[in-house]
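Peer 1: Okay, so here is upload19.txt, and as you'll see once you scroll down, it has compact mmCIF, C-alpha atoms.
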```
# COMPACT_ATOMS: atom_id res chain seq x y z
CA ASP A 1 -46.54 -23.55 4.00
CA PRO A 2 -44.79 -20.24 4.57
CA LYS A 3 -45.67 -17.74 1.87
CA ILE A 4 -42.68 -15.45 2.41
CA ILE A 5 -39.37 -17.17 2.97
CA GLN A 6 -36.34 -15.42 4.39
CA LYS A 7 -32.94 -17.03 4.63
CA PRO A 8 -31.01 -17.41 6.78
CA LYS A 9 -33.00 -17.12 9.96
CA TYR A 10 -29.94 -16.08 11.96
CA LEU A 11 -26.68 -14.63 10.71
CA VAL A 12 -23.50 -13.70 12.53
CA ALA A 13 -20.94 -11.64 10.66
CA VAL A 14 -17.69 -9.88 11.40
CA THR A 15 -17.21 -6.15 10.95
CA GLY A 16 -16.18 -5.30 7.42
CA SER A 17 -17.59 -8.42 5.80
CA GLU A 18 -20.40 -8.71 3.26
CA LYS A 19 -23.60 -10.71 3.52
CA ILE A 20 -26.67 -11.36 1.39
CA LEU A 21 -30.11 -11.75 2.91
CA ILE A 22 -32.51 -13.81 0.83
CA CYS A 23 -36.23 -13.20 0.38
CA GLU A 24 -38.74 -15.11 -1.76
CA GLN A 25 -42.50 -14.65 -1.78
CA TYR A 26 -45.08 -17.09 -3.10
CA LEU A 27 -48.13 -14.85 -2.83
CA GLY A 28 -48.06 -13.74 -6.45
CA HIS A 29 -47.41 -10.17 -5.37
CA ASN A 30 -45.86 -7.51 -7.57
CA ALA A 31 -44.36 -5.30 -4.86
CA MET A 32 -41.69 -6.24 -2.34
CA TYR A 33 -40.06 -4.34 0.50
CA TRP A 34 -37.30 -4.40 3.07
CA TYR A 35 -37.68 -3.10 6.62
CA ARG A 36 -35.28 -3.11 9.54
CA GLN A 37 -35.96 -3.45 13.27
CA SER A 38 -33.17 -2.70 15.72
CA ALA A 39 -33.00 -2.26 19.47
CA LYS A 40 -32.49 1.48 19.03
CA LYS A 41 -35.17 2.30 16.47
CA PRO A 42 -38.69 1.22 15.64
CA LEU A 43 -39.35 -0.75 12.49
CA GLU A 44 -38.19 1.39 9.62
CA PHE A 45 -38.75 1.24 5.89
CA MET A 46 -35.69 0.68 3.72
CA PHE A 47 -36.68 -0.06 0.10
CA SER A 48 -39.63 -0.83 -2.08
CA TYR A 49 -39.61 -2.61 -5.44
CA SER A 50 -42.37 -3.04 -7.95
CA TYR A 51 -42.07 -5.43 -10.90
CA GLN A 52 -38.37 -5.69 -10.07
CA LYS A 53 -37.79 -1.95 -10.25
CA LEU A 54 -36.69 0.23 -7.35
CA MET A 55 -39.53 2.56 -6.38
CA ASP A 56 -38.44 4.06 -3.08
CA ASN A 57 -35.16 4.14 -1.15
CA GLN A 58 -35.01 5.51 2.37
CA THR A 59 -31.62 4.04 3.23
CA ALA A 60 -28.91 6.65 3.38
CA SER A 61 -26.03 4.23 2.96
CA SER A 62 -25.07 2.70 -0.39
CA ARG A 63 -23.75 -0.29 1.56
CA PHE A 64 -27.29 -1.64 1.34
CA GLN A 65 -28.16 -2.87 -2.15
CA PRO A 66 -31.37 -4.74 -3.02
CA GLN A 67 -31.14 -7.29 -5.81
CA SER A 68 -34.11 -8.71 -7.69
CA SER A 69 -33.34 -11.64 -10.00
CA LYS A 70 -37.00 -12.65 -10.35
CA LYS A 71 -40.29 -10.90 -9.66
CA ASN A 72 -40.83 -12.89 -6.48
CA HIS A 73 -37.26 -12.46 -5.20
CA LEU A 74 -35.78 -9.47 -3.44
CA ASP A 75 -32.43 -10.08 -1.80
CA LEU A 76 -30.52 -7.54 0.26
CA GLN A 77 -26.76 -7.27 -0.05
CA ILE A 78 -24.98 -5.50 2.78
CA THR A 79 -21.31 -4.63 2.37
CA ALA A 80 -18.70 -3.36 4.81
CA LEU A 81 -20.81 -4.51 7.74
CA LYS A 82 -20.78 -2.47 10.96
CA PRO A 83 -21.96 -3.41 14.44
CA ASP A 84 -24.73 -0.80 14.06
CA ASP A 85 -26.14 -2.88 11.22
CA SER A 86 -27.15 -5.50 13.79
CA ALA A 87 -30.91 -5.79 13.51
CA THR A 88 -33.71 -8.00 12.31
CA TYR A 89 -34.34 -7.45 8.62
CA PHE A 90 -37.87 -8.09 7.42
CA CYS A 91 -38.93 -8.65 3.86
CA ALA A 92 -42.54 -7.85 2.98
CA SER A 93 -44.77 -7.94 -0.07
CA SER A 94 -48.07 -6.57 -1.30
CA GLN A 95 -50.17 -7.03 -4.39
CA ASP A 96 -49.05 -3.73 -5.91
CA ASP A 97 -47.19 -0.58 -4.97
CA TRP A 98 -50.06 1.87 -5.33
CA GLY A 99 -50.59 2.05 -1.62
CA GLN A 100 -53.88 1.05 0.04
CA ASP A 101 -52.82 -2.55 0.13
CA THR A 102 -52.00 -4.97 2.94
CA GLN A 103 -48.31 -5.69 3.35
CA TYR A 104 -47.39 -9.18 4.51
CA PHE A 105 -44.15 -9.72 6.37
CA GLY A 106 -41.70 -12.59 6.33
CA PRO A 107 -40.25 -14.12 9.51
CA GLY A 108 -37.14 -11.93 9.40
CA THR A 109 -33.38 -12.51 9.37
CA ARG A 110 -31.63 -11.66 12.63
CA LEU A 111 -28.22 -10.23 11.84
CA LEU A 112 -25.54 -9.80 14.47
CA VAL A 113 -22.35 -7.99 13.48
CA LEU A 114 -19.40 -8.49 15.80
CA GLY B 1 -40.69 14.28 15.30
CA ASP B 2 -42.39 10.89 15.17
CA GLN B 3 -45.18 10.69 12.65
CA VAL B 4 -46.82 7.73 14.37
CA GLU B 5 -47.30 7.82 18.13
CA GLN B 6 -48.61 4.74 19.91
CA SER B 7 -50.11 4.57 23.37
CA PRO B 8 -49.76 3.12 25.85
CA SER B 9 -46.20 1.88 25.46
CA ALA B 10 -46.96 -1.07 27.74
CA LEU B 11 -50.08 -2.62 29.19
CA SER B 12 -50.68 -5.49 31.59
CA LEU B 13 -54.15 -7.03 31.77
CA HIS B 14 -55.88 -10.01 33.28
CA GLU B 15 -57.59 -12.57 31.12
CA GLY B 16 -61.13 -11.67 30.24
CA THR B 17 -60.67 -7.91 30.32
CA ASP B 18 -60.95 -5.45 27.46
CA SER B 19 -58.37 -2.98 26.22
CA ALA B 20 -57.88 -0.23 23.69
CA LEU B 21 -54.68 0.70 21.94
CA ARG B 22 -54.31 3.95 20.09
CA CYS B 23 -52.20 5.45 17.34
CA ASN B 24 -52.04 9.17 16.69
CA PHE B 25 -50.59 10.56 13.50
CA THR B 26 -48.94 13.94 13.22
CA THR B 27 -50.24 14.27 9.69
CA THR B 28 -53.16 12.99 7.64
CA MET B 29 -52.62 9.39 6.66
CA ARG B 30 -53.92 7.40 3.71
CA SER B 31 -54.29 4.11 5.56
CA VAL B 32 -53.25 2.22 8.66
CA GLN B 33 -52.22 -1.36 9.27
CA TRP B 34 -52.07 -3.11 12.67
CA PHE B 35 -49.65 -5.92 13.48
CA ARG B 36 -48.90 -8.20 16.38
CA GLN B 37 -45.31 -9.29 16.91
CA ASN B 38 -45.12 -12.56 18.78
CA SER B 39 -42.39 -13.91 21.03
CA ARG B 40 -40.57 -15.40 18.03
CA GLY B 41 -40.44 -12.01 16.38
CA SER B 42 -42.93 -12.72 13.61
CA LEU B 43 -45.08 -9.80 12.44
CA ILE B 44 -48.66 -10.88 11.93
CA SER B 45 -50.97 -8.57 10.06
CA LEU B 46 -54.21 -8.00 11.97
CA PHE B 47 -56.01 -5.29 10.00
CA TYR B 48 -55.59 -3.01 7.04
CA LEU B 49 -57.89 0.03 7.02
CA ALA B 50 -58.28 2.83 4.54
CA SER B 51 -61.35 4.06 6.45
CA GLY B 52 -64.04 2.95 8.87
CA THR B 53 -63.88 -0.10 11.08
CA LYS B 54 -63.06 -3.79 10.77
CA GLU B 55 -63.69 -6.62 13.17
CA ASN B 56 -62.21 -10.07 13.46
CA GLY B 57 -63.28 -12.18 16.40
CA ARG B 58 -62.32 -10.39 19.59
CA LEU B 59 -60.36 -7.71 17.74
CA LYS B 60 -61.81 -4.55 16.29
CA SER B 61 -60.04 -1.64 14.68
CA ALA B 62 -61.13 1.79 13.58
CA PHE B 63 -59.55 4.51 11.49
CA ASP B 64 -60.83 8.05 11.85
CA SER B 65 -62.32 8.72 8.42
CA LYS B 66 -62.70 12.49 8.81
CA GLU B 67 -59.34 13.82 9.95
CA ARG B 68 -57.44 10.58 9.29
CA ARG B 69 -55.21 11.40 12.25
CA TYR B 70 -55.78 8.41 14.56
CA SER B 71 -56.64 4.75 14.73
CA THR B 72 -57.63 2.40 17.53
CA LEU B 73 -57.40 -1.32 18.18
CA HIS B 74 -59.80 -2.85 20.67
CA ILE B 75 -59.22 -6.25 22.22
CA ARG B 76 -62.24 -7.80 23.87
CA ASP B 77 -62.07 -10.63 26.44
CA ALA B 78 -58.27 -10.79 26.40
CA GLN B 79 -56.68 -14.24 26.24
CA LEU B 80 -53.15 -15.36 27.09
CA GLU B 81 -52.34 -15.79 23.40
CA ASP B 82 -53.02 -12.08 22.82
CA SER B 83 -49.74 -11.24 24.57
CA GLY B 84 -47.19 -9.62 22.31
CA THR B 85 -46.17 -6.28 20.94
CA TYR B 86 -48.73 -4.47 18.83
CA PHE B 87 -47.63 -2.09 16.13
CA CYS B 88 -49.58 0.30 14.01
CA ALA B 89 -48.10 1.44 10.74
CA ALA B 90 -49.44 4.13 8.46
CA GLU B 91 -49.10 5.17 4.85
CA ALA B 92 -48.82 8.88 4.22
CA TYR B 93 -50.21 10.68 1.18
CA THR B 94 -46.82 12.18 0.41
CA GLY B 95 -43.63 10.33 -0.24
CA GLY B 96 -43.71 6.67 -1.22
CA ALA B 97 -47.30 5.52 -1.47
CA ASP B 98 -46.46 2.12 -0.08
CA ARG B 99 -44.00 3.17 2.59
CA LEU B 100 -45.19 2.10 6.04
CA THR B 101 -44.17 4.28 9.00
CA PHE B 102 -44.33 2.31 12.23
CA GLY B 103 -45.04 3.38 15.78
CA LYS B 104 -42.85 2.20 18.63
CA GLY B 105 -45.35 -0.42 19.67
CA THR B 106 -47.47 -1.36 22.68
CA GLN B 107 -46.19 -4.28 24.70
CA LEU B 108 -49.24 -6.18 25.91
CA ILE B 109 -49.00 -8.76 28.67
CA ILE B 110 -52.02 -10.86 29.50
CA GLN B 111 -51.92 -12.50 32.92
CA PRO B 112 -54.04 -15.43 34.12
```
What's the structure tokens form of this structure?
Peer 2:
Amino acid sequence: DPKIIQKPKYLVAVTGSEKILICEQYLGHNAMYWYRQSAKKPLEFMFSYSYQKLMDNQTASSRFQPQSSKKNHLDLQITALKPDDSATYFCASSQDDWGQDTQYFGPGTRLLVL
Amino acid sequence: GDQVEQSPSALSLHEGTDSALRCNFTTTMRSVQWFRQNSRGSLISLFYLASGTKENGRLKSAFDSKERRYSTLHIRDAQLEDSGTYFCAAEAYTGGADRLTFGKGTQLIIQP
């Protein structure tokens, strides 16, 4: 059974619209993350959460907003979508956010903005 | 500049051969993690190292414990299923303790 679930697997959106990417982990972890992989850049860190609190934000744009309704959920809301937002978005989790801990990645959501 | 530099960027090998991938860091790192990304795009964790070496089957990884400025991944007796893109990712001592900085990857192709 998959331990980190991301939904949807593929997503096509029009410029200017808003989408929510879903992530749930069943590893019992306390820390969750979002990363992005695009054709132009290597995998890059976006956010980290620990016990549902934002710990680190490396995303310059406020159009990206994580939402954590439960400890094992970390969704990503993206507003005013742009073609440059096209990428695969990976959710990850680790036991805690102290560092020195393996991060496990979900299968990703591939977003295409037209 | 890039904090994590991977080499080579691409590598083509025949089955049964050995290879070594390398990551250099422009600053001292706390830990390193190695991943393989398969053809479906999934990122599979291979190793997490805070120091020393780890081995799993035909894979072995090392993290320079003195300077903490490089890590290697050795693949022994390469098999077709080893094909994929290999990423190293490191945690720095400064900034977010759990923030992984990724290299650009090594695309590995194993040929029969």
Peer 1: Measuring between all atoms listed in the file, which one of A:Asp75, A:Glu24, A:Glu44, A:Glu18 shows the shortest distance to chain B?
Peer 2: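 Smallest separation from chain B among the options: A:Glu44.
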Peer 1: Please find the residues of chain B near chain A - the criterion being any atom within 12 Å, counting all atoms listed in the file - and write them as number ranges by chain.
Peer 2: B: 2-6, 29-51, 85-106
Peer 1: For B:Lys66, please output as an MDAnalysis selection string all residues within 10 Å (counting all atoms listed in the file; exclusion window: fewer than 2 positions along the same chain).
Peer 2: chainID B and resid 28 51:52 63:64 68:70
Peer 1: I'd like the interatomic distance between atom CA of B:Gln111 and atom CA of B:Ser19, to a tenth of an Å.
Peer 2: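 Computing the Euclidean distance for atom CA of B:Gln111 and atom CA of B:Ser19 yields 13.3 Å.
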Peer 1: Leaving out A:Gly16 and any residue of its chain fewer than 6 positions from it, which residues lie within 10 Å of it when counting only C-alpha atoms, given as a list in words?
Peer 2: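 Everything that qualifies: Ile78, Thr79, Ala80, Leu81, Lys82, Pro83, Val113 and Leu114 of chain A.
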Peer 1: Calculated over all atoms listed in the file, which of the candidates B:Leu11, B:His74, B:Gln107, B:Pro112 has the smallest distance to B:Ala62?
Peer 2: B:His74
Peer 1: Report, as JSON, the axis-aligned box around all atoms of stretch 39-55 of chain B present in the file, extended by 6 Å on each side; give centre and edge lengths in Å to one decimal place.
Peer 2:
```
{"center_x": -52.2, "center_y": -5.7, "center_z": 12.8, "size_x": 35.6, "size_y": 31.5, "size_z": 28.5}
```
Peer 1: Between B:Asp82, B:Ala10, B:Ser71, B:Lys54, which residue has the minimum interatomic distance to B:Phe25, considering only C-alpha atoms?
Peer 2: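 Counting only C-alpha atoms, the residue closest to B:Phe25 is B:Ser71.
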Peer 1: Name all residues at most 9 Å from A:Leu111 (count all atoms listed in the file; drop same-chain ones fewer than 2 positions away) and give them as a ChimeraX atom specification.
Peer 2: /A:9-13,85-89,109,113
